[in-house]
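Note sheet for the following structure.
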Amino acid sequence: MAKLMNIGFGNVVNTDKVISIISSDSAPAKRLIARGKEQECLIDATQGRKTKSVIFTENDKIILSALQPETLAGRYNGGTAGGGAAAEEEDVAKE
């Protein structure tokens with residue numbers, strides 16, 4: 001059964017489809033984001049906030065999140081599967 005992981009601001013991702021979660025700071029990540037925009041396979045779930053994580057899925061979608069990769073990894077591994085508004089606000093406030 002598929003589990004959904006909160007990636008911020010009420011947006012969720014099917015954990016069965018996630019290949020990797022990386023930081024958006026590196027030059028290669030920025031190039032992949034630009035390529036995703038060109039190929040129209042980019043999903044921006046940042047709600048206008050700074051992009052901190054890039055999620056790659058099996059179906060070649062690239063998803064942007066305003067949450068730290070460490071936060072998402074914890075949720076992926078079952079730490080706080082649903083996330084929660086308090087944890088989300090705290091993570092975004094660290095900006």
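Going through the structure tokens in order, the chains are called A, B, and so on, while each chain numbers its residues from 1 and the ligands are numbered from 1 in the order shown.
DSSP secondary structure from the backbone places Ala27, Pro28, Ala29, Lys30, Arg31, Leu32, Ile33, Ala34, Arg35, Gly36, Lys37 and Glu38 of chain A of range 18-56 of chain A in helix (DSSP H, G or I).
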With C-alpha atoms retained, export the selected residues as an mmCIF file, in the first residue's frame.
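Saved the output as selection_24.cif:
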data_model
loop_
_atom_site.group_PDB
_atom_site.id
_atom_site.type_symbol
_atom_site.label_atom_id
_atom_site.label_comp_id
_atom_site.auth_asym_id
_atom_site.auth_seq_id
_atom_site.Cartn_x
_atom_site.Cartn_y
_atom_site.Cartn_z
ATOM 1 C CA ALA A 27 25.133 23.607 -9.441
ATOM 2 C CA PRO A 28 24.094 20.185 -10.826
ATOM 3 C CA ALA A 29 20.793 20.400 -8.898
ATOM 4 C CA LYS A 30 20.161 23.852 -10.332
ATOM 5 C CA ARG A 31 20.854 22.530 -13.849
ATOM 6 C CA LEU A 32 18.418 19.654 -13.303
ATOM 7 C CA ILE A 33 15.760 22.117 -12.095
ATOM 8 C CA ALA A 34 16.285 24.266 -15.203
ATOM 9 C CA ARG A 35 16.060 21.177 -17.433
ATOM 10 C CA GLY A 36 12.860 20.140 -15.642
ATOM 11 C CA LYS A 37 11.319 23.538 -16.398
ATOM 12 C CA GLU A 38 12.238 23.208 -20.070
#
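In this structure, CA of Pro69 in chain A sits 23.0 Å away from CA of Glu40 in chain A.
The residue that comes closest to Tyr76 in chain A, out of A:Asp44, A:Ile55, A:Ser24, A:Lys61 and on the basis of only C-alpha atoms, is A:Ile55.
Considering only C-alpha atoms, the residue among A:Ile19, A:Leu64, A:Val13, A:Met5 positioned nearest to Gln47 in chain A is A:Leu64.
Note that the spacing between CA of Gly8 in chain A and CA of Glu70 in chain A amounts to 13.2 Å.
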